>>> print(open('model-v3.cif').read())   # mmCIF, C-alpha atoms and all ligand atoms; chains and numbers go by the auth columns
data_query
loop_
_atom_site.group_PDB
_atom_site.id
_atom_site.type_symbol
_atom_site.label_atom_id
_atom_site.label_comp_id
_atom_site.label_asym_id
_atom_site.label_seq_id
_atom_site.Cartn_x
_atom_site.Cartn_y
_atom_site.Cartn_z
_atom_site.B_iso_or_equiv
_atom_site.auth_seq_id
_atom_site.auth_asym_id
ATOM 1 C CA GLU A 1 36.613 61.273 137.540 0.00 362 O
ATOM 2 C CA ALA A 2 35.057 64.349 136.016 0.00 363 O
ATOM 3 C CA VAL A 3 36.331 67.715 137.061 0.00 364 O
ATOM 4 C CA GLU A 4 34.319 70.711 138.125 0.00 365 O
ATOM 5 C CA TYR A 5 36.271 73.141 136.009 0.00 366 O
ATOM 6 C CA GLY A 6 34.759 76.492 137.003 0.00 367 O
ATOM 7 C CA LEU A 7 37.363 78.260 134.900 0.00 368 O
ATOM 8 C CA ASP A 8 37.834 81.976 134.914 0.00 369 O
ATOM 9 C CA ALA A 9 38.939 82.042 131.297 0.00 370 O
ATOM 10 C CA PRO A 10 39.156 84.675 128.590 0.00 371 O
ATOM 11 C CA PHE A 11 36.954 82.325 126.586 0.00 372 O
ATOM 12 C CA GLU A 12 33.470 81.052 127.101 0.00 373 O
ATOM 13 C CA VAL A 13 33.880 77.473 128.341 0.00 374 O
ATOM 14 C CA GLU A 14 31.712 74.564 127.272 0.00 375 O
ATOM 15 C CA TYR A 15 32.505 71.529 129.377 0.00 376 O
ATOM 16 C CA HIS A 16 31.654 67.897 128.561 0.00 377 O
ATOM 17 C CA ASP A 17 32.336 64.806 130.629 0.00 378 O
ATOM 18 C CA SER A 18 32.514 62.874 127.392 0.00 379 O
ATOM 19 C CA VAL A 19 32.294 63.967 123.766 0.00 380 O
ATOM 20 C CA PRO A 20 33.400 62.344 120.506 0.00 381 O
ATOM 21 C CA SER A 21 35.877 65.142 119.695 0.00 382 O
ATOM 22 C CA THR A 22 36.148 68.677 121.022 0.00 383 O
ATOM 23 C CA ASN A 23 37.365 69.807 117.583 0.00 384 O
ATOM 24 C CA ALA A 24 34.232 68.369 115.963 0.00 385 O
ATOM 25 C CA ARG A 25 32.042 70.073 118.569 0.00 386 O
ATOM 26 C CA ALA A 26 33.905 73.365 117.985 0.00 387 O
ATOM 27 C CA ARG A 27 33.272 73.032 114.230 0.00 388 O
ATOM 28 C CA ASP A 28 29.550 72.835 114.938 0.00 389 O
ATOM 29 C CA LEU A 29 29.816 75.932 117.099 0.00 390 O
ATOM 30 C CA ALA A 30 31.789 77.705 114.351 0.00 391 O
ATOM 31 C CA ALA A 31 29.037 76.904 111.879 0.00 392 O
ATOM 32 C CA SER A 32 26.530 78.543 114.190 0.00 393 O
ATOM 33 C CA GLY A 33 28.604 81.737 114.368 0.00 394 O
ATOM 34 C CA ALA A 34 30.222 81.350 117.806 0.00 395 O
ATOM 35 C CA GLU A 35 33.629 82.770 118.694 0.00 396 O
ATOM 36 C CA ASP A 36 36.040 82.855 121.608 0.00 397 O
ATOM 37 C CA VAL A 37 34.749 79.564 122.932 0.00 398 O
ATOM 38 C CA VAL A 38 36.723 76.717 124.406 0.00 399 O
ATOM 39 C CA VAL A 39 35.247 73.238 124.301 0.00 400 O
ATOM 40 C CA LEU A 40 36.721 71.109 127.041 0.00 401 O
ATOM 41 C CA ALA A 41 36.209 67.428 127.794 0.00 402 O
ATOM 42 C CA ASP A 42 37.290 64.931 130.409 0.00 403 O
ATOM 43 C CA GLU A 43 37.186 62.160 127.832 0.00 404 O
ATOM 44 C CA GLN A 44 36.897 61.971 124.039 0.00 405 O
ATOM 45 C CA THR A 45 35.527 58.854 122.413 0.00 406 O
ATOM 46 C CA GLY A 46 36.628 59.786 118.881 0.00 407 O
ATOM 47 C CA GLY A 47 39.609 62.098 119.343 0.00 408 O
ATOM 48 C CA ARG A 48 41.365 63.074 116.127 0.00 409 O
ATOM 49 C CA GLY A 49 45.068 63.637 115.531 0.00 410 O
ATOM 50 C CA ARG A 50 47.025 65.063 112.657 0.00 411 O
ATOM 51 C CA LEU A 51 47.147 63.230 109.333 0.00 412 O
ATOM 52 C CA ASP A 52 43.824 61.531 110.029 0.00 413 O
ATOM 53 C CA ARG A 53 45.199 59.553 112.938 0.00 414 O
ATOM 54 C CA GLU A 54 43.243 58.646 116.017 0.00 415 O
ATOM 55 C CA TRP A 55 44.050 60.472 119.235 0.00 416 O
ATOM 56 C CA SER A 56 43.539 58.402 122.326 0.00 417 O
ATOM 57 C CA SER A 57 41.789 60.573 124.921 0.00 418 O
ATOM 58 C CA PRO A 58 40.984 58.723 128.147 0.00 419 O
ATOM 59 C CA SER A 59 39.536 60.431 131.201 0.00 420 O
ATOM 60 C CA GLY A 60 42.199 62.421 133.056 0.00 421 O
ATOM 61 C CA GLY A 61 43.656 64.346 130.132 0.00 422 O
ATOM 62 C CA VAL A 62 43.091 67.931 129.122 0.00 423 O
ATOM 63 C CA TRP A 63 41.316 67.736 125.792 0.00 424 O
ATOM 64 C CA LEU A 64 40.223 71.108 124.526 0.00 425 O
ATOM 65 C CA SER A 65 39.520 73.118 121.393 0.00 426 O
ATOM 66 C CA LEU A 66 39.725 76.876 121.096 0.00 427 O
ATOM 67 C CA LEU A 67 37.506 78.554 118.538 0.00 428 O
ATOM 68 C CA PHE A 68 38.333 82.113 117.551 0.00 429 O
ATOM 69 C CA ARG A 69 38.161 84.451 114.586 0.00 430 O
ATOM 70 C CA PRO A 70 41.411 86.371 114.191 0.00 431 O
ATOM 71 C CA ASP A 71 41.551 89.242 111.756 0.00 432 O
ATOM 72 C CA VAL A 72 44.425 87.834 109.682 0.00 433 O
ATOM 73 C CA PRO A 73 44.915 86.340 106.207 0.00 434 O
ATOM 74 C CA MET A 74 44.668 82.531 106.182 0.00 435 O
ATOM 75 C CA ALA A 75 48.376 82.240 105.413 0.00 436 O
ATOM 76 C CA GLN A 76 49.147 83.561 108.892 0.00 437 O
ATOM 77 C CA ALA A 77 47.018 80.989 110.680 0.00 438 O
ATOM 78 C CA PRO A 78 49.914 78.562 111.327 0.00 439 O
ATOM 79 C CA ALA A 79 51.334 81.110 113.764 0.00 440 O
ATOM 80 C CA PHE A 80 48.438 80.368 116.113 0.00 441 O
ATOM 81 C CA THR A 81 49.335 76.702 116.106 0.00 442 O
ATOM 82 C CA LEU A 82 52.873 77.577 117.114 0.00 443 O
ATOM 83 C CA ALA A 83 51.459 79.932 119.743 0.00 444 O
ATOM 84 C CA ALA A 84 49.425 77.056 121.188 0.00 445 O
ATOM 85 C CA ALA A 85 52.546 74.891 121.366 0.00 446 O
ATOM 86 C CA VAL A 86 54.358 77.707 123.186 0.00 447 O
ATOM 87 C CA ALA A 87 51.463 78.103 125.640 0.00 448 O
ATOM 88 C CA ALA A 88 51.381 74.362 126.356 0.00 449 O
ATOM 89 C CA THR A 89 55.152 74.228 126.781 0.00 450 O
ATOM 90 C CA ARG A 90 55.166 77.145 129.192 0.00 451 O
ATOM 91 C CA ALA A 91 52.267 75.685 131.168 0.00 452 O
ATOM 92 C CA ALA A 92 54.092 72.339 131.407 0.00 453 O
ATOM 93 C CA ARG A 93 57.326 74.015 132.485 0.00 454 O
ATOM 94 C CA GLU A 94 55.479 75.991 135.140 0.00 455 O
ATOM 95 C CA VAL A 95 54.357 72.746 136.781 0.00 456 O
ATOM 96 C CA GLY A 96 57.900 71.413 136.572 0.00 457 O
ATOM 97 C CA VAL A 97 57.928 69.342 133.375 0.00 458 O
ATOM 98 C CA ASP A 98 60.830 70.181 131.095 0.00 459 O
ATOM 99 C CA ALA A 99 58.986 70.152 127.775 0.00 460 O
ATOM 100 C CA GLY A 100 60.234 71.252 124.362 0.00 461 O
ATOM 101 C CA ILE A 101 58.676 71.613 120.916 0.00 462 O
ATOM 102 C CA LYS A 102 59.268 69.503 117.841 0.00 463 O
ATOM 103 C CA TRP A 103 58.338 71.433 114.725 0.00 464 O
ATOM 104 C CA PRO A 104 55.693 72.453 114.172 0.00 465 O
ATOM 105 C CA ASN A 105 53.687 71.677 117.296 0.00 466 O
ATOM 106 C CA ASP A 106 54.444 68.455 119.106 0.00 467 O
ATOM 107 C CA VAL A 107 55.294 69.077 122.723 0.00 468 O
ATOM 108 C CA LEU A 108 57.763 66.466 123.904 0.00 469 O
ATOM 109 C CA VAL A 109 59.846 65.481 126.859 0.00 470 O
ATOM 110 C CA GLU A 110 63.355 64.335 125.987 0.00 471 O
ATOM 111 C CA SER A 111 65.358 61.960 128.083 0.00 472 O
ATOM 112 C CA ASP A 112 68.402 59.943 127.071 0.00 473 O
ATOM 113 C CA GLY A 113 67.826 60.795 123.427 0.00 474 O
ATOM 114 C CA ASP A 114 64.290 59.452 123.606 0.00 475 O
ATOM 115 C CA GLU A 115 61.411 61.811 122.810 0.00 476 O
ATOM 116 C CA ARG A 116 58.096 61.186 124.479 0.00 477 O
ATOM 117 C CA LYS A 117 54.973 62.997 123.409 0.00 478 O
ATOM 118 C CA LEU A 118 53.181 65.087 126.013 0.00 479 O
ATOM 119 C CA VAL A 119 50.904 67.316 123.916 0.00 480 O
ATOM 120 C CA GLY A 120 49.510 67.163 120.388 0.00 481 O
ATOM 121 C CA ILE A 121 47.846 70.012 118.527 0.00 482 O
ATOM 122 C CA LEU A 122 45.403 69.822 115.650 0.00 483 O
ATOM 123 C CA THR A 123 44.450 73.065 113.918 0.00 484 O
ATOM 124 C CA GLU A 124 41.563 73.445 111.522 0.00 485 O
ATOM 125 C CA MET A 125 40.506 76.619 109.761 0.00 486 O
ATOM 126 C CA GLU A 126 38.165 78.068 107.237 0.00 487 O
ATOM 127 C CA GLY A 127 38.050 81.296 105.270 0.00 488 O
ATOM 128 C CA GLU A 128 39.287 82.946 102.123 0.00 489 O
ATOM 129 C CA ALA A 129 42.895 83.811 101.324 0.00 490 O
ATOM 130 C CA ASP A 130 42.678 87.353 102.626 0.00 491 O
ATOM 131 C CA ARG A 131 40.343 86.677 105.535 0.00 492 O
ATOM 132 C CA THR A 132 40.170 83.926 108.118 0.00 493 O
ATOM 133 C CA SER A 133 36.622 83.018 109.049 0.00 494 O
ATOM 134 C CA TRP A 134 37.562 80.843 112.017 0.00 495 O
ATOM 135 C CA ILE A 135 40.407 78.847 113.502 0.00 496 O
ATOM 136 C CA ILE A 136 40.030 75.874 115.802 0.00 497 O
ATOM 137 C CA VAL A 137 43.134 74.955 117.751 0.00 498 O
ATOM 138 C CA GLY A 138 42.677 71.556 119.340 0.00 499 O
ATOM 139 C CA ILE A 139 45.107 70.853 122.161 0.00 500 O
ATOM 140 C CA GLY A 140 45.476 67.420 123.699 0.00 501 O
ATOM 141 C CA VAL A 141 47.520 67.309 126.901 0.00 502 O
ATOM 142 C CA ASN A 142 48.314 63.938 128.430 0.00 503 O
ATOM 143 C CA ALA A 143 47.791 65.310 131.923 0.00 504 O
ATOM 144 C CA ASN A 144 46.723 62.737 134.517 0.00 505 O
ATOM 145 C CA VAL A 145 46.823 59.649 132.348 0.00 506 O
ATOM 146 C CA GLY A 146 49.199 56.772 132.679 0.00 507 O
ATOM 147 C CA PRO A 147 51.300 56.110 129.576 0.00 508 O
ATOM 148 C CA GLU A 148 49.977 52.532 129.828 0.00 509 O
ATOM 149 C CA ASP A 149 46.532 53.953 128.994 0.00 510 O
ATOM 150 C CA LEU A 150 47.866 55.520 125.782 0.00 511 O
ATOM 151 C CA PRO A 151 48.989 53.761 122.594 0.00 512 O
ATOM 152 C CA ALA A 152 52.632 52.733 122.903 0.00 513 O
ATOM 153 C CA GLU A 153 53.417 53.490 119.260 0.00 514 O
ATOM 154 C CA ALA A 154 52.900 57.181 120.002 0.00 515 O
ATOM 155 C CA ASN A 155 55.710 56.965 122.580 0.00 516 O
ATOM 156 C CA PRO A 156 53.608 58.925 125.058 0.00 517 O
ATOM 157 C CA THR A 157 54.319 60.494 128.387 0.00 518 O
ATOM 158 C CA SER A 158 52.091 62.547 130.657 0.00 519 O
ATOM 159 C CA LEU A 159 52.381 65.285 133.249 0.00 520 O
ATOM 160 C CA SER A 160 51.543 62.844 136.037 0.00 521 O
ATOM 161 C CA ALA A 161 54.088 60.303 134.773 0.00 522 O
ATOM 162 C CA GLU A 162 56.825 62.939 134.620 0.00 523 O
ATOM 163 C CA LEU A 163 55.983 64.383 138.021 0.00 524 O
ATOM 164 C CA GLY A 164 55.050 61.193 139.836 0.00 525 O
ATOM 165 C CA ALA A 165 51.799 62.816 140.998 0.00 526 O
ATOM 166 C CA PRO A 166 48.681 64.202 139.346 0.00 527 O
ATOM 167 C CA VAL A 167 48.390 67.873 138.460 0.00 528 O
ATOM 168 C CA ASP A 168 45.398 70.055 139.269 0.00 529 O
ATOM 169 C CA ARG A 169 43.756 70.089 135.871 0.00 530 O
ATOM 170 C CA ARG A 170 41.689 73.162 136.631 0.00 531 O
ATOM 171 C CA VAL A 171 44.771 75.204 137.499 0.00 532 O
ATOM 172 C CA PHE A 172 46.739 73.807 134.563 0.00 533 O
ATOM 173 C CA THR A 173 43.952 74.469 132.065 0.00 534 O
ATOM 174 C CA GLN A 174 43.360 77.961 133.395 0.00 535 O
ATOM 175 C CA ARG A 175 47.039 78.788 132.958 0.00 536 O
ATOM 176 C CA LEU A 176 47.150 77.250 129.476 0.00 537 O
ATOM 177 C CA LEU A 177 44.224 79.420 128.399 0.00 538 O
ATOM 178 C CA GLU A 178 45.702 82.559 129.949 0.00 539 O
ATOM 179 C CA LEU A 179 49.003 81.968 128.202 0.00 540 O
ATOM 180 C CA PHE A 180 47.317 81.301 124.872 0.00 541 O
ATOM 181 C CA GLU A 181 45.201 84.422 125.280 0.00 542 O
ATOM 182 C CA GLU A 182 48.359 86.468 125.785 0.00 543 O
ATOM 183 C CA LEU A 183 50.248 84.854 122.905 0.00 544 O
ATOM 184 C CA ARG A 184 47.459 85.099 120.360 0.00 545 O
ATOM 185 C CA GLN A 185 47.540 88.912 120.653 0.00 546 O
ATOM 186 C CA ASP A 186 50.989 88.931 119.079 0.00 547 O
ATOM 187 C CA PRO A 187 51.572 85.913 116.844 0.00 548 O
ATOM 188 C CA GLU A 188 54.939 87.222 115.625 0.00 549 O
ATOM 189 C CA ALA A 189 56.230 87.358 119.187 0.00 550 O
ATOM 190 C CA ALA A 190 54.806 83.870 119.781 0.00 551 O
ATOM 191 C CA VAL A 191 56.758 82.484 116.832 0.00 552 O
ATOM 192 C CA ALA A 192 59.895 84.207 118.137 0.00 553 O
ATOM 193 C CA GLU A 193 59.316 82.600 121.539 0.00 554 O
ATOM 194 C CA TRP A 194 58.782 79.226 119.865 0.00 555 O
ATOM 195 C CA ARG A 195 62.504 79.241 119.022 0.00 556 O
ATOM 196 C CA GLU A 196 63.386 79.240 122.723 0.00 557 O
ATOM 197 C CA TYR A 197 61.626 75.920 123.274 0.00 558 O
ATOM 198 C CA ALA A 198 62.451 74.266 119.968 0.00 559 O
ATOM 199 C CA THR A 199 64.111 70.882 120.148 0.00 560 O
ATOM 200 C CA THR A 200 64.177 70.761 116.341 0.00 561 O
ATOM 201 C CA LEU A 201 66.579 73.624 115.639 0.00 562 O
ATOM 202 C CA GLY A 202 70.150 72.458 115.179 0.00 563 O
ATOM 203 C CA LYS A 203 69.067 68.870 114.534 0.00 564 O
ATOM 204 C CA ARG A 204 69.179 66.900 111.322 0.00 565 O
ATOM 205 C CA VAL A 205 65.619 66.458 110.153 0.00 566 O
ATOM 206 C CA ARG A 206 63.653 64.608 107.556 0.00 567 O
ATOM 207 C CA VAL A 207 60.402 66.346 106.670 0.00 568 O
ATOM 208 C CA GLU A 208 57.755 64.719 104.562 0.00 569 O
ATOM 209 C CA THR A 209 56.022 67.611 102.857 0.00 570 O
ATOM 210 C CA PRO A 210 53.111 67.501 100.428 0.00 571 O
ATOM 211 C CA ASN A 211 55.725 68.208 97.711 0.00 572 O
ATOM 212 C CA GLY A 212 58.269 65.585 98.695 0.00 573 O
ATOM 213 C CA VAL A 213 60.910 64.871 101.287 0.00 574 O
ATOM 214 C CA VAL A 214 63.309 67.541 102.535 0.00 575 O
ATOM 215 C CA GLU A 215 66.335 66.443 104.545 0.00 576 O
ATOM 216 C CA GLY A 216 68.997 68.575 106.189 0.00 577 O
ATOM 217 C CA GLU A 217 69.762 70.658 109.235 0.00 578 O
ATOM 218 C CA ALA A 218 66.887 72.626 110.754 0.00 579 O
ATOM 219 C CA VAL A 219 68.275 76.120 111.173 0.00 580 O
ATOM 220 C CA ASP A 220 65.362 78.419 111.944 0.00 581 O
ATOM 221 C CA VAL A 221 61.639 78.953 112.054 0.00 582 O
ATOM 222 C CA GLU A 222 60.114 81.862 110.146 0.00 583 O
ATOM 223 C CA PHE A 223 56.849 83.667 110.726 0.00 584 O
ATOM 224 C CA PRO A 224 54.147 82.391 110.338 0.00 585 O
ATOM 225 C CA GLY A 225 55.665 78.993 111.047 0.00 586 O
ATOM 226 C CA GLY A 226 57.835 77.638 108.245 0.00 587 O
ATOM 227 C CA LEU A 227 60.871 75.534 109.118 0.00 588 O
ATOM 228 C CA VAL A 228 64.087 76.598 107.397 0.00 589 O
ATOM 229 C CA VAL A 229 66.138 73.545 106.435 0.00 590 O
ATOM 230 C CA ASP A 230 69.710 73.728 105.193 0.00 591 O
ATOM 231 C CA THR A 231 70.029 70.791 102.810 0.00 592 O
ATOM 232 C CA GLY A 232 73.707 71.391 102.166 0.00 593 O
ATOM 233 C CA ASP A 233 72.940 72.822 98.740 0.00 594 O
ATOM 234 C CA GLU A 234 70.342 75.393 99.679 0.00 595 O
ATOM 235 C CA ARG A 235 68.012 76.669 102.338 0.00 596 O
ATOM 236 C CA VAL A 236 64.450 75.521 101.918 0.00 597 O
ATOM 237 C CA THR A 237 61.495 76.742 103.947 0.00 598 O
ATOM 238 C CA VAL A 238 58.896 74.049 104.512 0.00 599 O
ATOM 239 C CA SER A 239 55.515 75.236 105.680 0.00 600 O
ATOM 240 C CA ALA A 240 53.806 71.906 106.377 0.00 601 O
ATOM 241 C CA GLY A 241 54.788 68.313 106.871 0.00 602 O
ATOM 242 C CA ASP A 242 55.670 65.514 109.223 0.00 603 O
ATOM 243 C CA CYS A 243 59.059 66.050 110.804 0.00 604 O
ATOM 244 C CA ASP A 244 61.438 63.395 112.111 0.00 605 O
ATOM 245 C CA HIS A 245 64.544 64.207 114.095 0.00 606 O
ATOM 246 C CA LEU A 246 67.365 62.094 112.702 0.00 607 O
ATOM 247 C CA ARG A 247 69.841 62.719 115.520 0.00 608 O
HETATM 248 C C1 LIG B . 48.407 65.205 116.928 0.00 1 D
HETATM 249 O O1 LIG B . 49.483 65.287 117.489 0.00 1 D
HETATM 250 O O2 LIG B . 48.208 64.348 116.056 0.00 1 D
HETATM 251 C C2 LIG B . 47.314 66.179 117.278 0.00 1 D
HETATM 252 C C3 LIG B . 46.443 65.689 118.389 0.00 1 D
HETATM 253 C C4 LIG B . 45.348 66.685 118.768 0.00 1 D
HETATM 254 C C5 LIG B . 44.445 66.153 119.848 0.00 1 D
HETATM 255 C C6 LIG B . 43.467 67.173 120.358 0.00 1 D
HETATM 256 S S1 LIG B . 42.616 66.638 121.821 0.00 1 D
HETATM 257 C C7 LIG B . 41.497 67.966 121.690 0.00 1 D
HETATM 258 C C8 LIG B . 41.175 68.120 120.219 0.00 1 D
HETATM 259 N N1 LIG B . 40.085 67.259 119.813 0.00 1 D
HETATM 260 C C9 LIG B . 40.479 66.331 118.947 0.00 1 D
HETATM 261 O O3 LIG B . 39.739 65.448 118.456 0.00 1 D
HETATM 262 N N2 LIG B . 41.772 66.459 118.674 0.00 1 D
HETATM 263 C C10 LIG B . 42.361 67.578 119.404 0.00 1 D
#
>>> encode(input="model-v3.cif", output="structure tokens")
Amino acid sequence: EAVEYGLDAPFEVEYHDSVPSTNARARDLAASGAEDVVVLADEQTGGRGRLDREWSSPSGGVWLSLLFRPDVPMAQAPAFTLAAAVAATRAAREVGVDAGIKWPNDVLVESDGDERKLVGILTEMEGEADRTSWIIVGIGVNANVGPEDLPAEANPTSLSAELGAPVDRRVFTQRLLELFEELRQDPEAAVAEWREYATTLGKRVRVETPNGVVEGEAVDVEFPGGLVVDTGDERVTVSAGDCDHLR
């Protein structure tokens, strides 16, 4: 059922029972000059994921998009995506779900070597090289949704599935926004904190980047968000791509 959010957030909140995509709605708001707004929905009918995938968003999740206008060059924008992953991970841990982050921003729960996805993040931005006009960080938390209501190929889990009981979405969302608000003030510190929750570091990875495949051991993450991979021959920093943990 719909939630009366009544959030006391550091952002203006626009709540929808149902909307095609909170990111799409936030883009419209960006075009009309808005800032520091969060668009929140109980259900999305056309949720979008990374790499043009669909993002299944039934009622019961926390589907939200943050629109803000940080005073940073565009190249630093990825740090805000990592900051959002840190905020979501901390919020999940605070309710008792032992989440970790797969580079750059998938929040997962690991058990018996299996990785189940709890949160996905889709960032969009616009601006010029030296000046960001806006950033939209879309965060999708499988909160009170049964994994059976989500596509199996995504290997999903949810807060309620992990805990065996639903969470209070208002409290969870409030905390997520507070944490993000704190982290966005200092993106370098957020990236440093990202390391603490990383499940990727120390693993063998295969990253499909726009310039080809990089395989090796993930050894570090660098501000504003590049993954440092030791291929055996050299250390390569990849700034974007789809990452698989090999073992
Ligand atoms: C991914 O892992 O592929 C990213 C998923 C991002 C989903 C969120 S839900 C709120 C916001 N609105 C969208 O349409 N997508 C993001």
>>> residues_near_ligand(input="model-v3.cif", ligand="ligand LIG 1 (chain D)", cutoff="10 Å", atoms="all atoms listed in the file", output="number ranges by chain")
O: 380-387, 400-402, 404-418, 422-427, 466-468, 478-485, 497-503, 515
>>> atom_distance(input="model-v3.cif", atom1="atom CA of O:Ala559", atom2="atom CA of O:Glu539")
21.2 Å
>>> residues_near_point(input="model-v3.cif", point="(70.7, 70.0, 98.6)", cutoff="12 Å", atoms="only C-alpha atoms", output="PyMOL selection string")
chain O and resi 574-578+590-597
>>> atom_distance(input="model-v3.cif", atom1="atom CA of O:Gly488", atom2="atom CA of O:Pro434")
8.6 Å
>>> residues_around(input="model-v3.cif", residues="O:Ser519", least_positions_apart="3", cutoff="10 Å", atoms="all atoms listed in the file", output="number ranges by chain")
O: 422, 458, 469-470, 477-480, 502-508, 511, 522-525, 527
>>> write_last_selection(input="model-v3.cif", atoms="C-alpha atoms", output="mmCIF file, keeping the file's coordinate frame")
data_model
loop_
_atom_site.group_PDB
_atom_site.id
_atom_site.type_symbol
_atom_site.label_atom_id
_atom_site.label_comp_id
_atom_site.auth_asym_id
_atom_site.auth_seq_id
_atom_site.Cartn_x
_atom_site.Cartn_y
_atom_site.Cartn_z
ATOM 1 C CA GLY O 422 43.656 64.346 130.132
ATOM 2 C CA VAL O 458 57.928 69.342 133.375
ATOM 3 C CA LEU O 469 57.763 66.466 123.904
ATOM 4 C CA VAL O 470 59.846 65.481 126.859
ATOM 5 C CA ARG O 477 58.096 61.186 124.479
ATOM 6 C CA LYS O 478 54.973 62.997 123.409
ATOM 7 C CA LEU O 479 53.181 65.087 126.013
ATOM 8 C CA VAL O 480 50.904 67.316 123.916
ATOM 9 C CA VAL O 502 47.520 67.309 126.901
ATOM 10 C CA ASN O 503 48.314 63.938 128.430
ATOM 11 C CA ALA O 504 47.791 65.310 131.923
ATOM 12 C CA ASN O 505 46.723 62.737 134.517
ATOM 13 C CA VAL O 506 46.823 59.649 132.348
ATOM 14 C CA GLY O 507 49.199 56.772 132.679
ATOM 15 C CA PRO O 508 51.300 56.110 129.576
ATOM 16 C CA LEU O 511 47.866 55.520 125.782
ATOM 17 C CA ALA O 522 54.088 60.303 134.773
ATOM 18 C CA GLU O 523 56.825 62.939 134.620
ATOM 19 C CA LEU O 524 55.983 64.383 138.021
ATOM 20 C CA GLY O 525 55.050 61.193 139.836
ATOM 21 C CA PRO O 527 48.681 64.202 139.346
#
>>> resolve_selection(input="model-v3.cif", expression="the PyMOL selection byres (((chain O and resi 564) around 9) and not hetatm)", output="list in words")
Thr560, Thr561, Leu562, Gly563, Arg565, Val566, Gly577, Glu578, Ala579, Val580, His606, Leu607 and Arg608 of chain O
>>> atom_distance(input="model-v3.cif", atom1="atom CA of O:Ala550", atom2="atom CA of O:Ala453")
19.5 Å
>>> resolve_selection(input="model-v3.cif", expression="the PyMOL selection byres (((chain O and resi 545) around 9) and not hetatm)", output="mmCIF file with C-alpha atoms, in the coordinates of the input")
data_model
loop_
_atom_site.group_PDB
_atom_site.id
_atom_site.type_symbol
_atom_site.label_atom_id
_atom_site.label_comp_id
_atom_site.auth_asym_id
_atom_site.auth_seq_id
_atom_site.Cartn_x
_atom_site.Cartn_y
_atom_site.Cartn_z
ATOM 1 C CA PRO O 431 41.411 86.371 114.191
ATOM 2 C CA ALA O 440 51.334 81.110 113.764
ATOM 3 C CA PHE O 441 48.438 80.368 116.113
ATOM 4 C CA ALA O 444 51.459 79.932 119.743
ATOM 5 C CA ALA O 445 49.425 77.056 121.188
ATOM 6 C CA LEU O 540 49.003 81.968 128.202
ATOM 7 C CA PHE O 541 47.317 81.301 124.872
ATOM 8 C CA GLU O 542 45.201 84.422 125.280
ATOM 9 C CA GLU O 543 48.359 86.468 125.785
ATOM 10 C CA LEU O 544 50.248 84.854 122.905
ATOM 11 C CA GLN O 546 47.540 88.912 120.653
ATOM 12 C CA ASP O 547 50.989 88.931 119.079
ATOM 13 C CA PRO O 548 51.572 85.913 116.844
ATOM 14 C CA ALA O 551 54.806 83.870 119.781
#
>>> closest_residue(input="model-v3.cif", among="O:Asp529, O:Glu455, O:Asp491, O:Glu583", to="O:Glu554", atoms="only C-alpha atoms")
O:Glu583
>>> resolve_selection(input="model-v3.cif", expression="the PyMOL selection byres (((chain O and resi 371) around 10) and not hetatm)", output="list in words")
Leu368, Asp369, Ala370, Phe372, Glu373, Val374, Asp397, Val398, Val399, Gln535, Leu538, Glu539, Phe541, Glu542 and Glu543 of chain O
